[in-house]
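> Compact mmCIF, C-alpha atoms, file structure.txt:
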```
# COMPACT_ATOMS: atom_id res chain seq x y z
CA MET K 1 -19.53 11.26 -24.04
CA ALA K 2 -19.43 12.91 -20.69
CA GLU K 3 -17.18 15.90 -20.34
CA SER K 4 -14.15 15.20 -18.18
CA LEU K 5 -12.74 17.43 -15.47
CA THR K 6 -10.25 20.13 -16.24
CA GLU K 7 -6.66 19.91 -15.08
CA ASP K 8 -7.35 22.70 -12.58
CA ASP K 9 -10.26 20.76 -11.07
CA ARG K 10 -8.01 17.78 -10.56
CA LYS K 11 -5.21 19.80 -9.01
CA ILE K 12 -7.70 21.36 -6.60
CA ASN K 13 -9.10 17.94 -5.70
CA ILE K 14 -5.70 16.42 -5.08
CA LYS K 15 -4.88 19.22 -2.66
CA ARG K 16 -7.95 18.38 -0.62
CA ARG K 17 -8.79 15.76 1.96
CA GLY K 18 -6.93 12.46 1.87
CA ASN K 19 -3.81 13.77 0.15
CA ALA K 20 -0.33 12.38 0.82
CA LEU K 21 0.44 15.00 3.47
CA GLY K 22 -2.76 14.26 5.38
CA ILE K 23 -2.26 10.51 5.18
CA GLY K 24 1.36 10.92 6.32
CA PHE K 25 0.20 13.01 9.29
CA PHE K 26 -2.28 10.36 10.36
CA GLU K 27 0.31 7.61 9.83
CA ILE K 28 2.44 9.29 12.50
CA LEU K 29 -0.55 9.72 14.80
CA PHE K 30 -1.43 6.06 14.37
CA ARG K 31 2.12 4.98 15.27
CA LEU K 32 2.20 7.27 18.29
CA PHE K 33 -1.31 6.96 19.66
CA GLY K 34 -2.87 3.91 18.00
CA LEU K 35 -6.08 3.74 16.05
CA ARG K 36 -8.32 5.50 18.56
CA GLY K 37 -5.78 8.26 19.07
CA ALA K 38 -5.61 8.88 15.32
CA TYR K 39 -9.41 8.90 15.15
CA GLY K 40 -9.48 11.49 17.97
CA PHE K 41 -7.58 14.07 15.94
CA LEU K 42 -10.18 13.84 13.23
CA TYR K 43 -12.63 15.94 15.28
CA PHE K 44 -10.40 18.99 14.84
CA VAL K 45 -9.33 18.30 11.28
CA CYS K 46 -12.90 17.68 10.09
CA LEU K 47 -14.12 20.83 11.81
CA HIS K 48 -11.57 22.71 9.75
CA TYR K 49 -12.93 21.15 6.54
CA LEU K 50 -16.52 21.85 7.61
CA LEU K 51 -15.66 25.51 8.00
CA PHE K 52 -13.35 26.03 5.06
CA ASP K 53 -13.82 23.38 2.36
CA ARG K 54 -16.90 24.76 0.68
CA MET K 55 -16.90 22.35 -2.23
CA ALA K 56 -16.77 19.32 0.08
CA VAL K 57 -19.59 20.73 2.20
CA ARG K 58 -21.67 21.51 -0.88
CA THR K 59 -21.31 18.04 -2.34
CA GLY K 60 -21.85 16.49 1.10
CA LEU K 61 -25.05 18.51 1.52
CA ALA K 62 -26.35 17.29 -1.85
CA TYR K 63 -26.40 13.79 -0.36
CA VAL K 64 -27.54 14.81 3.14
CA GLU K 65 -30.53 16.73 1.76
CA LYS K 66 -31.74 13.56 0.04
CA ARG K 67 -30.84 11.10 2.78
CA PHE K 68 -32.15 13.21 5.71
CA ARG K 69 -35.07 14.99 4.10
CA GLY K 70 -36.79 17.85 5.88
CA GLU K 71 -34.15 18.41 8.53
CA SER K 72 -32.98 21.86 9.58
CA LYS K 73 -29.84 23.41 8.09
CA VAL K 74 -28.00 23.07 11.40
CA ARG K 75 -28.74 19.36 11.57
CA GLN K 76 -27.75 18.95 7.91
CA TYR K 77 -24.36 20.51 8.64
CA LEU K 78 -23.98 18.17 11.60
CA HIS K 79 -24.65 15.25 9.27
CA VAL K 80 -21.95 16.53 6.90
CA TYR K 81 -19.57 16.80 9.85
CA ARG K 82 -20.30 13.16 10.76
CA LEU K 83 -19.72 12.20 7.14
CA PHE K 84 -16.29 13.89 7.22
CA LEU K 85 -15.43 12.16 10.50
CA ASN K 86 -16.39 8.78 9.14
CA GLN K 87 -14.51 9.38 5.94
CA GLY K 88 -11.42 10.25 7.96
CA ARG K 89 -11.76 7.00 9.90
CA HIS K 90 -12.09 5.07 6.65
CA LEU K 91 -8.98 6.74 5.24
CA ILE K 92 -6.97 5.86 8.36
CA ASP K 93 -8.32 2.30 8.26
CA ARG K 94 -7.31 1.95 4.65
CA TYR K 95 -3.72 2.77 5.57
CA VAL K 96 -3.80 0.43 8.58
CA VAL K 97 -5.42 -2.44 6.65
CA THR K 98 -2.53 -2.56 4.18
CA ARG K 99 0.11 -2.45 6.93
CA LYS K 100 -1.50 -4.29 9.84
CA PRO K 101 -4.49 -6.19 8.49
CA GLU K 102 -4.61 -8.29 11.67
CA LEU K 103 -5.95 -5.28 13.59
CA PHE K 104 -9.32 -5.72 11.90
CA ASP K 105 -11.85 -8.51 11.76
CA TYR K 106 -13.39 -9.22 8.38
CA GLN K 107 -16.59 -10.93 7.49
CA VAL K 108 -17.22 -11.75 3.88
CA ARG K 109 -20.61 -12.23 2.28
CA GLY K 110 -20.87 -14.02 -1.03
CA TYR K 111 -17.25 -15.18 -1.05
CA GLU K 112 -17.99 -18.76 -2.09
CA GLN K 113 -20.26 -17.58 -4.87
CA PHE K 114 -17.54 -15.20 -6.01
CA GLN K 115 -14.91 -17.95 -5.93
CA SER K 116 -17.13 -20.10 -8.07
CA LEU K 117 -17.67 -17.20 -10.52
CA VAL K 118 -13.91 -16.66 -10.69
CA LYS K 119 -13.40 -20.36 -11.39
CA ASP K 120 -15.85 -20.27 -14.30
CA ALA K 121 -14.89 -16.79 -15.46
CA SER K 122 -14.19 -17.54 -19.09
CA HIS K 123 -15.33 -14.02 -19.96
CA GLY K 124 -14.01 -12.32 -16.83
CA ILE K 125 -15.87 -10.55 -14.07
CA ILE K 126 -16.69 -6.90 -13.54
CA LEU K 127 -16.48 -5.85 -9.90
CA LEU K 128 -18.62 -2.79 -9.49
CA THR K 129 -17.76 -0.68 -6.49
CA ALA K 130 -18.86 2.77 -5.35
CA HIS K 131 -17.74 5.58 -3.10
CA VAL K 132 -19.58 4.07 -0.16
CA GLY K 133 -17.97 2.24 2.73
CA ASN K 134 -14.35 1.30 2.21
CA TRP K 135 -14.17 -0.22 -1.24
CA GLN K 136 -10.37 -0.31 -1.08
CA VAL K 137 -10.58 -2.70 1.86
CA GLY K 138 -12.70 -4.94 -0.35
CA LEU K 139 -10.19 -4.76 -3.17
CA ASN K 140 -7.22 -5.47 -0.93
CA PHE K 141 -9.13 -8.43 0.42
CA LEU K 142 -9.26 -9.88 -3.08
CA GLY K 143 -5.47 -10.23 -2.95
CA ARG K 144 -6.15 -13.40 -0.96
CA LEU K 145 -7.84 -14.89 -4.00
CA GLY K 146 -4.59 -14.78 -5.90
CA LYS K 147 -6.45 -13.14 -8.75
CA LYS K 148 -5.21 -10.09 -10.56
CA VAL K 149 -7.64 -7.17 -10.45
CA TYR K 150 -7.57 -4.46 -13.10
CA LEU K 151 -8.80 -1.22 -11.58
CA VAL K 152 -10.28 1.40 -13.90
CA MET K 153 -9.11 4.73 -12.53
CA ARG K 154 -7.25 7.77 -13.76
CA PRO K 155 -3.51 7.40 -13.09
CA GLU K 156 -3.39 11.02 -12.02
CA ASP K 157 -6.13 10.56 -9.43
CA ASN K 158 -5.09 11.13 -5.88
CA PRO K 159 -1.68 9.33 -5.76
CA ALA K 160 -1.95 8.86 -2.01
CA VAL K 161 -5.12 6.84 -2.51
CA ARG K 162 -3.46 4.78 -5.21
CA ASP K 163 -0.50 4.03 -2.95
CA THR K 164 -2.76 2.56 -0.28
CA LEU K 165 -4.04 0.08 -2.87
CA LYS K 166 -0.61 -1.53 -3.32
CA VAL K 167 -0.87 -1.07 -7.06
CA GLY K 168 1.50 -3.40 -8.85
CA ASP K 169 0.97 -6.19 -6.36
CA HIS K 170 -2.32 -7.80 -7.34
CA ILE K 171 -3.86 -4.61 -8.70
CA GLU K 172 -3.14 -2.96 -12.04
CA ILE K 173 -4.58 0.28 -13.34
CA ILE K 174 -6.47 0.81 -16.60
CA SER K 175 -6.90 4.48 -17.36
CA PRO K 176 -10.36 5.54 -18.55
CA GLU K 177 -8.75 8.51 -20.22
CA GLN K 178 -6.90 6.59 -22.88
CA TYR K 179 -8.28 6.01 -26.37
CA LEU K 180 -11.98 5.01 -26.32
CA GLY K 181 -12.11 5.21 -22.54
CA GLY K 182 -9.89 2.16 -22.17
CA VAL K 183 -12.69 -0.15 -23.34
CA LEU K 184 -10.41 -2.10 -25.68
CA GLU K 185 -8.06 -2.90 -22.82
CA ILE K 186 -11.00 -3.71 -20.54
CA MET K 187 -12.50 -6.06 -23.14
CA GLU K 188 -9.14 -7.72 -23.63
CA VAL K 189 -8.50 -8.48 -19.96
CA LEU K 190 -12.09 -9.67 -19.53
CA GLU K 191 -11.63 -12.02 -22.44
CA GLU K 192 -8.55 -13.37 -20.69
CA GLY K 193 -10.79 -14.16 -17.70
CA HIS K 194 -9.52 -11.42 -15.38
CA VAL K 195 -11.41 -9.30 -12.86
CA VAL K 196 -12.00 -5.64 -13.76
CA SER K 197 -13.03 -3.25 -11.02
CA MET K 198 -14.91 -0.07 -11.88
CA MET K 199 -16.66 2.68 -9.94
CA GLY K 200 -20.36 2.53 -10.63
CA ASP K 201 -21.17 5.97 -9.25
CA ARG K 202 -18.61 7.98 -11.19
CA SER K 203 -19.07 8.44 -14.91
CA TYR K 204 -15.50 9.30 -15.98
CA THR K 205 -15.89 9.21 -19.77
CA PHE K 206 -19.01 7.02 -19.84
CA ASP K 207 -22.54 8.21 -20.42
CA THR K 208 -25.18 8.06 -17.72
CA VAL K 209 -28.84 7.12 -17.36
CA ASN K 210 -31.37 8.47 -14.87
CA VAL K 211 -32.50 6.08 -12.16
CA PRO K 212 -34.23 6.63 -8.81
CA PHE K 213 -31.84 7.06 -5.89
CA LEU K 214 -32.92 8.26 -2.44
CA GLY K 215 -36.22 9.57 -3.71
CA ALA K 216 -35.02 11.54 -6.74
CA GLU K 217 -33.71 10.89 -10.24
CA ALA K 218 -29.94 10.47 -10.16
CA HIS K 219 -27.36 10.04 -12.92
CA PHE K 220 -25.32 6.86 -12.86
CA PRO K 221 -23.01 5.60 -15.62
CA PHE K 222 -24.01 2.52 -17.58
CA GLY K 223 -20.57 1.70 -18.99
CA ALA K 224 -19.95 -1.29 -16.72
CA PHE K 225 -23.24 -2.91 -17.74
CA SER K 226 -22.76 -2.18 -21.41
CA ILE K 227 -19.33 -3.80 -21.31
CA ALA K 228 -20.61 -6.77 -19.26
CA ALA K 229 -23.48 -7.35 -21.70
CA ALA K 230 -21.07 -7.27 -24.63
CA ALA K 231 -18.42 -9.41 -22.98
CA GLY K 232 -20.96 -11.86 -21.52
CA CYS K 233 -19.62 -11.53 -17.99
CA PRO K 234 -21.34 -11.02 -14.63
CA VAL K 235 -21.27 -7.81 -12.61
CA VAL K 236 -20.46 -8.41 -8.95
CA VAL K 237 -21.27 -5.48 -6.68
CA LEU K 238 -18.47 -5.06 -4.14
CA LEU K 239 -19.20 -3.09 -0.98
CA ALA K 240 -17.28 -3.01 2.29
CA GLN K 241 -18.96 -1.47 5.29
CA LYS K 242 -17.37 -0.59 8.60
CA GLU K 243 -19.48 -2.31 11.22
CA SER K 244 -17.49 -1.15 14.24
CA ASP K 245 -14.07 0.36 14.96
CA ARG K 246 -12.31 -2.89 14.13
CA GLU K 247 -14.70 -4.80 11.98
CA TYR K 248 -15.44 -4.72 8.26
CA VAL K 249 -17.98 -6.65 6.26
CA VAL K 250 -17.00 -7.18 2.64
CA ASP K 251 -20.16 -7.90 0.70
CA MET K 252 -19.96 -9.42 -2.78
CA SER K 253 -23.25 -11.29 -2.63
CA ASN K 254 -25.07 -9.08 -5.15
CA VAL K 255 -24.54 -10.28 -8.71
CA ILE K 256 -26.17 -8.86 -11.83
CA TYR K 257 -26.05 -10.73 -15.15
CA PRO K 258 -26.55 -8.15 -17.91
CA ARG K 259 -27.71 -9.83 -21.13
CA TYR K 260 -29.61 -7.99 -23.82
CA THR K 261 -32.94 -9.49 -24.78
CA LYS K 262 -35.11 -8.62 -27.74
CA ASP K 263 -37.73 -7.09 -25.44
CA GLY K 264 -37.11 -3.38 -25.31
CA ASP K 265 -34.27 -1.27 -26.56
CA LYS K 266 -30.75 -1.50 -25.19
CA LYS K 267 -30.89 1.80 -23.33
CA SER K 268 -33.94 0.78 -21.32
CA GLN K 269 -32.31 -2.54 -20.46
CA LEU K 270 -29.17 -0.72 -19.37
CA ARG K 271 -31.36 1.56 -17.24
CA GLN K 272 -32.89 -1.46 -15.57
CA TRP K 273 -29.49 -2.90 -14.56
CA VAL K 274 -28.21 0.47 -13.39
CA GLY K 275 -31.44 0.81 -11.39
CA GLU K 276 -30.76 -2.54 -9.69
CA TYR K 277 -27.29 -1.32 -8.77
CA ALA K 278 -28.60 2.03 -7.47
CA ALA K 279 -31.16 0.15 -5.35
CA ILE K 280 -28.32 -1.87 -3.78
CA LEU K 281 -26.48 1.37 -2.99
CA GLU K 282 -29.65 2.90 -1.57
CA THR K 283 -30.13 -0.06 0.77
CA PHE K 284 -26.52 0.39 1.87
CA VAL K 285 -26.73 4.11 2.61
CA LYS K 286 -30.06 3.71 4.37
CA LYS K 287 -28.39 1.26 6.72
CA PHE K 288 -25.06 3.13 6.94
CA PRO K 289 -25.93 6.78 6.28
CA TYR K 290 -22.50 8.07 7.27
CA GLN K 291 -20.62 5.76 4.92
CA CYS K 292 -21.66 7.46 1.70
CA PHE K 293 -18.60 9.30 0.39
CA MET K 294 -19.64 10.10 -3.16
CA PHE K 295 -18.96 13.81 -2.67
CA HIS K 296 -20.40 14.33 -6.09
CA ASN K 297 -23.91 15.55 -6.80
CA VAL K 298 -25.29 12.57 -8.71
CA TRP K 299 -28.70 14.27 -8.85
CA SER K 300 -27.44 17.32 -10.68
CA LYS K 301 -27.91 17.46 -14.43
CA GLN K 302 -24.86 19.66 -14.68
CA LYS K 303 -21.43 18.14 -14.81
CA GLU K 304 -19.94 19.26 -11.52
CA PRO K 305 -16.39 18.93 -10.27
CA VAL K 306 -15.89 15.88 -8.12
CA ASN K 307 -14.54 16.46 -4.64
CA ASP K 308 -12.63 13.26 -4.98
CA ASN K 309 -10.36 12.09 -2.24
CA ARG K 310 -11.12 8.41 -2.50
CA MET R 311 -15.52 -16.55 -40.31
CA THR R 312 -12.98 -15.60 -42.91
CA ILE R 313 -13.53 -13.52 -45.96
CA GLY R 314 -14.64 -15.69 -48.83
CA GLU R 315 -12.98 -16.08 -52.20
CA GLY R 316 -13.57 -13.05 -54.32
CA GLU R 317 -14.47 -10.81 -51.40
CA ASN R 318 -12.36 -7.75 -51.57
CA LEU R 319 -11.87 -4.64 -49.54
CA GLU R 320 -14.88 -3.02 -51.14
CA THR R 321 -17.13 -5.90 -50.11
CA ILE R 322 -15.86 -5.67 -46.56
CA ARG R 323 -16.51 -1.94 -46.40
CA LYS R 324 -20.09 -2.52 -47.55
CA LYS R 325 -20.61 -5.36 -45.08
CA LEU R 326 -19.13 -3.32 -42.25
CA LYS R 327 -21.36 -0.32 -42.92
CA GLU R 328 -24.43 -2.57 -42.96
CA LEU R 329 -23.39 -4.22 -39.70
CA LEU R 330 -22.81 -0.89 -37.97
CA VAL R 331 -26.15 0.54 -39.05
CA LYS R 332 -27.96 -2.65 -38.08
CA ASN R 333 -26.35 -2.99 -34.66
CA LEU R 334 -25.58 0.49 -33.36
CA ALA R 335 -28.70 2.32 -32.20
CA PHE R 336 -27.01 5.66 -32.82
CA LEU R 337 -26.66 4.90 -36.54
CA SER R 338 -29.94 3.06 -37.04
CA GLU R 339 -31.51 5.83 -39.12
CA LEU R 340 -28.59 6.09 -41.52
CA ASP R 341 -28.51 4.60 -44.99
CA PRO R 342 -25.34 2.43 -45.15
CA LEU R 343 -24.82 3.47 -48.75
CA LYS R 344 -24.53 7.09 -47.68
CA ILE R 345 -21.70 6.47 -45.23
CA LYS R 346 -18.40 7.52 -46.81
CA ASP R 347 -15.43 5.18 -46.82
CA ASP R 348 -13.22 7.72 -45.10
CA GLU R 349 -15.86 8.62 -42.49
CA ILE R 350 -14.26 8.95 -39.04
CA LEU R 351 -15.97 6.62 -36.59
CA PHE R 352 -15.68 8.44 -33.27
CA GLY R 353 -16.14 12.02 -32.17
CA ASP R 354 -16.75 14.44 -35.04
CA GLY R 355 -17.29 11.82 -37.74
CA LEU R 356 -20.11 9.36 -37.22
CA GLY R 357 -20.28 10.50 -33.61
CA LEU R 358 -19.79 7.10 -32.01
CA ASP R 359 -18.50 6.85 -28.45
CA SER R 360 -16.48 4.44 -26.34
CA LEU R 361 -19.49 2.26 -25.59
CA ASP R 362 -20.15 1.85 -29.30
CA ALA R 363 -16.54 0.63 -29.48
CA VAL R 364 -17.58 -2.20 -27.17
CA GLU R 365 -20.32 -3.15 -29.61
CA ILE R 366 -17.92 -2.95 -32.55
CA VAL R 367 -15.45 -5.26 -30.82
CA VAL R 368 -18.24 -7.81 -30.37
CA LEU R 369 -19.35 -7.38 -33.99
CA LEU R 370 -15.81 -8.04 -35.19
CA GLN R 371 -15.59 -11.13 -33.01
CA ARG R 372 -18.96 -12.54 -34.06
CA ASN R 373 -18.91 -11.69 -37.73
CA PHE R 374 -15.24 -11.94 -38.65
CA GLY R 375 -13.79 -14.13 -35.89
CA LEU R 376 -11.38 -11.39 -34.89
CA ASP R 377 -9.93 -11.29 -31.42
CA VAL R 378 -9.71 -8.19 -29.26
CA ARG R 379 -6.01 -9.03 -28.76
CA ASP R 380 -5.51 -8.26 -32.42
CA MET R 381 -6.89 -4.76 -31.86
CA LYS R 382 -3.94 -3.41 -29.89
CA ARG R 383 -3.40 -0.65 -32.41
CA GLY R 384 -6.84 0.67 -31.45
CA ARG R 385 -6.41 4.26 -32.52
CA GLU R 386 -5.24 3.29 -36.02
CA ILE R 387 -7.75 0.50 -36.49
CA PHE R 388 -10.84 2.28 -35.21
CA TYR R 389 -10.13 5.56 -36.94
CA SER R 390 -12.48 5.28 -39.91
CA ILE R 391 -14.62 2.87 -41.93
CA ASP R 392 -11.67 2.44 -44.25
CA THR R 393 -9.05 1.68 -41.57
CA LEU R 394 -11.38 -0.76 -39.84
CA SER R 395 -12.20 -2.48 -43.14
CA ARG R 396 -8.51 -2.81 -43.96
CA PHE R 397 -7.89 -4.32 -40.54
CA ILE R 398 -10.65 -6.87 -41.14
CA TYR R 399 -9.36 -7.58 -44.65
CA GLU R 400 -5.78 -8.10 -43.53
CA ASN R 401 -6.67 -10.25 -40.54
CA THR R 402 -9.19 -12.53 -42.18
CA ARG R 403 -7.14 -13.41 -45.22
CA LYS R 404 -4.61 -15.44 -43.17
```
Can you present the structure in this file as structure tokens?


Amino acid sequence: MAESLTEDDRKINIKRRGNALGIGFFEILFRLFGLRGAYGFLYFVCLHYLLFDRMAVRTGLAYVEKRFRGESKVRQYLHVYRLFLNQGRHLIDRYVVTRKPELFDYQVRGYEQFQSLVKDASHGIILLTAHVGNWQVGLNFLGRLGKKVYLVMRPEDNPAVRDTLKVGDHIEIISPEQYLGGVLEIMEVLEEGHVVSMMGDRSYTFDTVNVPFLGAEAHFPFGAFSIAAAAGCPVVVLLAQKESDREYVVDMSNVIYPRYTKDGDKKSQLRQWVGEYAAILETFVKKFPYQCFMFHNVWSKQKEPVNDNR
Amino acid sequence: MTIGEGENLETIRKKLKELLVKNLAFLSELDPLKIKDDEILFGDGLGLDSLDAVEIVVLLQRNFGLDVRDMKRGREIFYSIDTLSRFIYENTRK
């Protein structure tokens, strides 16, 4: 099993970008100056993080070096700065979407297919998200389906992020840090036909496989696919990209059906499904390079602290 | 499937060990007869992990007709070969 973060790592992460104080500050700015005014302050705040948050810059550079190969150090730092700015905009949007959803336009891809999957979901559905775009916008959107979504995340993860998800409304949390990584609870709610949302780019307690991502071997967890294969449910990839200041596209058109066959061992089949998922993410970040907020070196063999503010 | 007449706890233990070895890649090189009854399943014992738990849940459903809802006491049930066998025994005799 993958080693989990220490308590100190988590405390450090919670103090960083996107904490309750920061979100509160931008809430006030939004009320006073509107969306564009709140965005404007990000230029100063993100410059501060670029200069002083070394861990965020380091993990941001890990991605930038792969996505913008061969560029000078100065340009790479500029890319990280743009990443921070975009992340700030996404964090503000997430707050606004839950309070004033009418301020944004939403397009949804694959909604009818998803509705039909939900209707026939005798074994549940796994919604696989990632730290790209604004996955929380996608999850909040699912509230319209009237379907309960069980979100696999650590209860002690950034509470400010959790609050923006309106947990307790149509979203409930399953902790991956309980006995056996919460798989018994996950299997149970899937069997009841519910939707379980997991992060496909963050291993938590699940093991990983190596798959190509942005031109190098990266480590992605296979837990979601292993569970889906066992439960007999589909994996719907949920991504939500910001197309313009006031427009989001929630994409749930990519569906993977993990079923073990007798050809090849289970691990290689898991690798194939994880590879399909990584390819979907790669297409996304190639199109929206400044909407990749993993802030975790997925290419590193070493278990590194996650600069997690999502 | 329910446990047949005459099948006792010992039979279930044997069947369970065989199923685990046959279905869990991590145990595939083990001889089921050499697995102790009190062997701990996860972590330091047999070394299984949470994803093996997924496979075990499916094995229990397919081979013994047990429901994941019945496995609420996960930590107690999945502790060792013996605790898991007892769980199967008690829940298939009904």

> For CA of Ile92 in chain K and CA of Gly40 in chain K, quote the distance in Å rounded to one decimal.

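Answer for the CA of Ile92 in chain K to CA of Gly40 in chain K separation: 11.4 Å.
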
> Could you list, as a PyMOL selection string, the residues of chain K having an atom within 9 Å of chain R when counting all atoms listed in the file?

chain K and resi 1+179-185+187-188+191+205-207+223+226-227+230-231+265-266

> Counting only C-alpha atoms, select every polymer residue within 6 Å of (-12.4, -1.4, 0.3) as defined in the file's coordinates, and provide the selection as a ChimeraX atom specification.

/K:134-139,240

> Could you jot down the CA of Val80 in chain K to CA of Tyr290 in chain K separation for me, Å, one decimal place?

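Going from CA of Val80 in chain K over to CA of Tyr290 in chain K, I get 8.5 Å.
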
> Between CA of Val45 in chain K and CA of Asp105 in chain K, measure the distance and give it in Å to one decimal.

26.9 Å

> Identify which of the residues R:Leu337, R:Leu343, R:Leu370, R:Leu326 lies closest to Leu356 in chain R, counting only C-alpha atoms when measuring atom-to-atom distances.

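Looking at the shortest contact to Leu356 in chain R, the residue is R:Leu337.
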
> If I wrap all listed atoms of range 48-62 of chain K in a box with edges along x, y and z and add 6 Å on each side, what are its centre and edge lengths in Å to one decimal, as AutoDock Vina command-line options?


```
--center_x -19.0 --center_y 21.3 --center_z 3.7 --size_x 26.8 --size_y 21.5 --size_z 24.1
```
